[in-house]
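J.: Sharing upload17.pdb, PDB, C-alpha atoms, pLDDT in the B column:
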```pdb
ATOM      1  CA  MET A  15      -8.516  13.386   6.041  1.00 77.00           C
ATOM      2  CA  LYS A  16      -5.244  11.684   6.816  1.00 85.00           C
ATOM      3  CA  VAL A  17      -1.824  12.960   5.759  1.00 91.00           C
ATOM      4  CA  ILE A  18       1.111  10.586   6.043  1.00 89.00           C
ATOM      5  CA  LEU A  19       4.623  11.966   5.718  1.00 93.00           C
ATOM      6  CA  LYS A  20       7.511   9.858   4.500  1.00 89.00           C
ATOM      7  CA  ASN A  21      10.923  10.785   5.885  1.00 85.00           C
ATOM      8  CA  THR A  22      12.536   8.736   3.128  1.00 85.00           C
ATOM      9  CA  SER A  23      10.848  10.722   0.365  1.00 84.00           C
ATOM     10  CA  GLU A  24      12.930  13.089  -1.742  1.00 87.00           C
ATOM     11  CA  GLN A  25       9.838  15.292  -1.941  1.00 91.00           C
ATOM     12  CA  PRO A  26       9.830  18.238   0.497  1.00 95.00           C
ATOM     13  CA  ILE A  27       7.383  17.914   3.395  1.00 96.00           C
ATOM     14  CA  TYR A  28       5.189  20.826   2.259  1.00 96.00           C
ATOM     15  CA  GLU A  29       4.932  19.156  -1.170  1.00 96.00           C
ATOM     16  CA  GLN A  30       3.913  15.823   0.401  1.00 95.00           C
ATOM     17  CA  ILE A  31       1.182  17.606   2.370  1.00 97.00           C
ATOM     18  CA  LYS A  32      -0.013  19.518  -0.688  1.00 96.00           C
ATOM     19  CA  GLN A  33      -0.057  16.428  -2.920  1.00 93.00           C
ATOM     20  CA  GLN A  34      -1.995  14.321  -0.418  1.00 94.00           C
ATOM     21  CA  ILE A  35      -4.628  17.008   0.168  1.00 95.00           C
ATOM     22  CA  LYS A  36      -4.914  17.568  -3.594  1.00 91.00           C
ATOM     23  CA  GLU A  37      -5.299  13.819  -4.154  1.00 88.00           C
ATOM     24  CA  ASN A  38      -8.051  13.621  -1.524  1.00 89.00           C
ATOM     25  CA  ILE A  39      -9.892  16.486  -3.245  1.00 87.00           C
ATOM     26  CA  LEU A  40      -9.497  15.079  -6.781  1.00 81.00           C
ATOM     27  CA  LYS A  41     -10.657  11.612  -5.715  1.00 80.00           C
ATOM     28  CA  GLY A  42     -13.683  13.069  -3.929  1.00 81.00           C
ATOM     29  CA  TYR A  43     -12.651  11.946  -0.441  1.00 87.00           C
ATOM     30  CA  VAL A  44     -12.914  15.557   0.738  1.00 89.00           C
ATOM     31  CA  GLU A  45     -16.016  17.340  -0.494  1.00 88.00           C
ATOM     32  CA  ALA A  46     -16.350  20.916  -1.672  1.00 88.00           C
ATOM     33  CA  GLY A  47     -17.021  23.229   1.261  1.00 91.00           C
ATOM     34  CA  SER A  48     -15.236  20.943   3.708  1.00 94.00           C
ATOM     35  CA  HIS A  49     -13.267  22.736   6.378  1.00 95.00           C
ATOM     36  CA  LEU A  50      -9.609  21.723   6.448  1.00 96.00           C
ATOM     37  CA  PRO A  51      -7.672  21.665   9.711  1.00 95.00           C
ATOM     38  CA  SER A  52      -6.094  24.989  10.547  1.00 94.00           C
ATOM     39  CA  MET A  53      -2.460  25.416   9.588  1.00 95.00           C
ATOM     40  CA  ARG A  54      -1.536  25.305  13.279  1.00 95.00           C
ATOM     41  CA  GLU A  55      -3.571  22.151  13.956  1.00 95.00           C
ATOM     42  CA  LEU A  56      -2.090  20.371  10.956  1.00 96.00           C
ATOM     43  CA  ALA A  57       1.443  21.443  11.888  1.00 96.00           C
ATOM     44  CA  LYS A  58       0.903  20.144  15.424  1.00 96.00           C
ATOM     45  CA  ASP A  59      -0.646  16.850  14.242  1.00 95.00           C
ATOM     46  CA  LEU A  60       2.158  16.215  11.756  1.00 95.00           C
ATOM     47  CA  GLN A  61       4.843  17.590  14.070  1.00 95.00           C
ATOM     48  CA  VAL A  62       6.143  19.994  11.443  1.00 96.00           C
ATOM     49  CA  SER A  63       6.735  23.712  11.271  1.00 96.00           C
ATOM     50  CA  LEU A  64       3.811  26.091  10.836  1.00 95.00           C
ATOM     51  CA  ILE A  65       5.736  27.549   7.885  1.00 97.00           C
ATOM     52  CA  THR A  66       5.589  24.114   6.203  1.00 97.00           C
ATOM     53  CA  THR A  67       1.800  23.813   6.440  1.00 97.00           C
ATOM     54  CA  LYS A  68       1.399  27.476   5.468  1.00 96.00           C
ATOM     55  CA  ARG A  69       3.365  26.868   2.263  1.00 97.00           C
ATOM     56  CA  ALA A  70       1.285  23.792   1.401  1.00 97.00           C
ATOM     57  CA  TYR A  71      -1.995  25.669   1.952  1.00 97.00           C
ATOM     58  CA  GLU A  72      -0.777  28.714  -0.008  1.00 97.00           C
ATOM     59  CA  ASP A  73       0.196  26.483  -2.957  1.00 96.00           C
ATOM     60  CA  LEU A  74      -3.194  24.725  -2.837  1.00 96.00           C
ATOM     61  CA  GLU A  75      -4.904  28.113  -2.876  1.00 95.00           C
ATOM     62  CA  LYS A  76      -2.815  29.323  -5.836  1.00 94.00           C
ATOM     63  CA  GLU A  77      -3.726  26.149  -7.722  1.00 90.00           C
ATOM     64  CA  GLY A  78      -7.435  26.712  -7.029  1.00 88.00           C
ATOM     65  CA  PHE A  79      -8.119  23.769  -4.738  1.00 91.00           C
ATOM     66  CA  VAL A  80      -8.892  25.661  -1.528  1.00 94.00           C
ATOM     67  CA  THR A  81      -9.868  29.097  -0.336  1.00 94.00           C
ATOM     68  CA  THR A  82      -8.923  30.699   2.953  1.00 93.00           C
ATOM     69  CA  ILE A  83     -11.295  33.030   4.744  1.00 92.00           C
ATOM     70  CA  ARG A  84      -9.502  35.114   7.337  1.00 91.00           C
ATOM     71  CA  GLY A  85     -10.724  34.235  10.820  1.00 91.00           C
ATOM     72  CA  LYS A  86     -12.795  31.275   9.595  1.00 93.00           C
ATOM     73  CA  GLY A  87     -10.314  28.851   8.078  1.00 93.00           C
ATOM     74  CA  THR A  88      -9.451  27.037   4.887  1.00 95.00           C
ATOM     75  CA  PHE A  89     -12.143  25.345   2.812  1.00 95.00           C
ATOM     76  CA  VAL A  90     -12.192  23.089  -0.238  1.00 94.00           C
ATOM     77  CA  LYS A  91     -13.395  25.084  -3.230  1.00 91.00           C
ATOM     78  CA  GLU A  92     -16.396  24.062  -5.277  1.00 84.00           C
ATOM     79  CA  GLN A  93     -15.130  23.206  -8.720  1.00 69.00           C
ATOM     80  CA  ASP A  94     -15.569  21.199 -11.852  1.00 69.00           C
ATOM     81  CA  SER A  95     -13.484  18.036 -11.456  1.00 68.00           C
ATOM     82  CA  SER A  96     -12.908  17.817 -15.212  1.00 74.00           C
ATOM     83  CA  ILE A  97     -11.296  21.277 -15.180  1.00 74.00           C
ATOM     84  CA  LEU A  98      -9.138  20.285 -12.208  1.00 72.00           C
ATOM     85  CA  LYS A  99      -8.022  17.113 -13.932  1.00 77.00           C
ATOM     86  CA  GLU A 100      -7.233  19.066 -17.094  1.00 80.00           C
ATOM     87  CA  LYS A 101      -5.014  21.384 -15.026  1.00 77.00           C
ATOM     88  CA  GLN A 102      -3.274  18.342 -13.578  1.00 80.00           C
ATOM     89  CA  PHE A 103      -2.769  16.856 -17.064  1.00 86.00           C
ATOM     90  CA  PHE A 104      -1.114  20.118 -18.100  1.00 83.00           C
ATOM     91  CA  VAL A 105       1.253  19.915 -15.112  1.00 84.00           C
ATOM     92  CA  ILE A 106       2.032  16.263 -15.872  1.00 90.00           C
ATOM     93  CA  GLU A 107       2.681  17.060 -19.536  1.00 92.00           C
ATOM     94  CA  HIS A 108       5.062  19.864 -18.551  1.00 90.00           C
ATOM     95  CA  LEU A 109       6.958  17.562 -16.184  1.00 92.00           C
ATOM     96  CA  ALA A 110       7.081  14.820 -18.813  1.00 94.00           C
ATOM     97  CA  ARG A 111       8.579  17.229 -21.363  1.00 94.00           C
ATOM     98  CA  SER A 112      11.235  18.200 -18.858  1.00 93.00           C
ATOM     99  CA  MET A 113      11.952  14.543 -18.087  1.00 94.00           C
ATOM    100  CA  VAL A 114      12.242  13.646 -21.790  1.00 95.00           C
ATOM    101  CA  LYS A 115      14.589  16.579 -22.384  1.00 94.00           C
ATOM    102  CA  GLU A 116      16.856  15.417 -19.546  1.00 94.00           C
ATOM    103  CA  ALA A 117      16.768  11.800 -20.765  1.00 95.00           C
ATOM    104  CA  LYS A 118      17.719  12.843 -24.288  1.00 95.00           C
ATOM    105  CA  THR A 119      20.579  14.935 -22.891  1.00 95.00           C
ATOM    106  CA  ILE A 120      22.238  11.756 -21.609  1.00 96.00           C
ATOM    107  CA  GLY A 121      21.123   9.615 -24.544  1.00 96.00           C
ATOM    108  CA  MET A 122      18.693   7.491 -22.547  1.00 95.00           C
ATOM    109  CA  PRO A 123      16.490   5.392 -24.847  1.00 96.00           C
ATOM    110  CA  LEU A 124      12.704   5.682 -24.553  1.00 96.00           C
ATOM    111  CA  LYS A 125      12.418   2.072 -23.387  1.00 96.00           C
ATOM    112  CA  GLU A 126      14.721   2.764 -20.429  1.00 96.00           C
ATOM    113  CA  LEU A 127      12.893   5.981 -19.581  1.00 96.00           C
ATOM    114  CA  ASN A 128       9.594   4.042 -19.573  1.00 95.00           C
ATOM    115  CA  GLU A 129      11.122   1.442 -17.250  1.00 95.00           C
ATOM    116  CA  VAL A 130      12.281   4.127 -14.829  1.00 94.00           C
ATOM    117  CA  LEU A 131       8.866   5.772 -14.909  1.00 93.00           C
ATOM    118  CA  ALA A 132       7.121   2.416 -14.339  1.00 94.00           C
ATOM    119  CA  LEU A 133       9.348   1.668 -11.330  1.00 92.00           C
ATOM    120  CA  ILE A 134       8.663   5.056  -9.774  1.00 90.00           C
ATOM    121  CA  TYR A 135       4.937   4.688 -10.461  1.00 90.00           C
ATOM    122  CA  GLU A 136       4.886   1.309  -8.704  1.00 90.00           C
ATOM    123  CA  GLU A 137       6.877   2.673  -5.719  1.00 87.00           C
ATOM    124  CA  GLU A 138       4.160   5.269  -5.124  1.00 80.00           C
ATOM    125  CA  ASP A 139       1.629   2.491  -4.473  1.00 73.00           C
ATOM    126  CA  GLU A 140       3.680   1.142  -1.586  1.00 66.00           C
TER     127      GLU A 140
END
```
Written as structure tokens, how would this file's structure read?
T.:
Amino acid sequence: MKVILKNTSEQPIYEQIKQQIKENILKGYVEAGSHLPSMRELAKDLQVSLITTKRAYEDLEKEGFVTTIRGKGTFVKEQDSSILKEKQFFVIEHLARSMVKEAKTIGMPLKELNEVLALIYEEEDE
């Protein structure tokens, strides 16, 4: 599993790590039961603080993607991908509501909001 950090991203580093691991799990690139690198190994490989990788792993555990067994490591949890995707849809819906509320606050028309969203969506593919 490869994690690539972008210094130009507005997203915090721990969030970039979390999102990429989550994406690898949801797309099936990392199978259930797979052992993830230790927090220390990942921090060393990415040249980031141990606190950063710890936060990413803790968030992934809270969201139900991984489980940590003391002394053994962190493993991808066995789960129903449809339930995971439903959780992600809920998160996306919540963020979309927040985005719409902010857009309406400044009087941004839906068409313009869609254009902004489309641009951001395309940037993520680069």
J.: Give the answer as one residue: which of A:Met113, A:Ile65, A:Val105, A:Ile97 has the shortest atom-to-atom distance to Gly78 of chain A, using all atoms listed in the file?
T.: A:Ile97
J.: For the contact check between segment 42-81 of chain A and segment 16-30 of chain A, emit one row per residue of segment 42-81 of chain A within 7 Å, containing the shortest atom pair and the distance in Å rounded to one decimal, counting all atoms listed in the file, chain then rising number order, as JSON lines.
T.:
```
{"residue": "A:Thr66", "atom": "CA", "partner": "A:Tyr28", "partner_atom": "CA", "distance": 5.2}
{"residue": "A:Thr67", "atom": "CA", "partner": "A:Tyr28", "partner_atom": "CA", "distance": 6.2}
{"residue": "A:Arg69", "atom": "CA", "partner": "A:Tyr28", "partner_atom": "CA", "distance": 6.3}
{"residue": "A:Ala70", "atom": "CA", "partner": "A:Tyr28", "partner_atom": "CA", "distance": 5.0}
```
J.: In terms of the shortest atom-to-atom distance over only C-alpha atoms, which of A:Glu116, A:Glu77, A:Glu137, A:Glu55 is closest to Gln102 of chain A?
T.: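 Closest residue, counting only C-alpha atoms: A:Glu77.
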J.: Using only C-alpha atoms, which of A:Asn38, A:Thr88, A:Thr81, A:Asn128 sits nearest Leu56 of chain A?
T.: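 Result for the nearest residue to Leu56 of chain A: A:Thr88.
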J.: Could you please determine the separation between atom CA of Lys91 of chain A and atom CA of Gln33 of chain A in Å, to one decimal place?
T.: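 Computing the Euclidean distance for atom CA of Lys91 of chain A and atom CA of Gln33 of chain A yields 15.9 Å.
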J.: With only C-alpha atoms as the basis for distance, which of A:Val80, A:Val130, A:Val114, A:Lys99 is at the shortest distance from Gly47 of chain A?
T.: A:Val80
J.: So the first atom is atom CA of Ile35 of chain A and the second is atom CA of Ala110 of chain A; what is the distance between them in Å, to one decimal place?
T.: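 About the pair atom CA of Ile35 of chain A and atom CA of Ala110 of chain A: they are 22.4 Å apart.
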J.: List as an MDAnalysis selection string the protein and nucleic acid residues near Lys36 of chain A, meaning an atom at most 10 Å away when only C-alpha atoms are counted, but skip any in the same chain fewer than 2 places from it.
T.: chainID A and resid 30:34 38:42 44 74 77 79:80 90 98
J.: Mind giving me the straight-line distance from atom CA of Arg111 of chain A to atom CA of Asp139 of chain A in Å, one decimal?
T.: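 Between atom CA of Arg111 of chain A and atom CA of Asp139 of chain A the gap works out to 23.5 Å.
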J.: Box for segment 89-92 of chain A: with edges along x, y and z, all listed atoms inside and 4 Å added on each side, what are the centre and edge lengths in Å to one decimal, as lines of an AutoDock Vina configuration file?
T.:
```
center_x = -14.3
center_y = 24.2
center_z = -1.2
size_x = 12.3
size_y = 10.3
size_z = 16.1
```
J.: For this file, the PyMOL selection byres ((chain A and resi 54) around 9) selects which residues, as a list in words?
T.: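 With the shown file as input, the PyMOL selection byres ((chain A and resi 54) around 9) matches Pro51, Ser52, Met53, Glu55, Leu56, Ala57, Lys58, Asp59, Ser63, Leu64, Thr67 and Lys68 of chain A.
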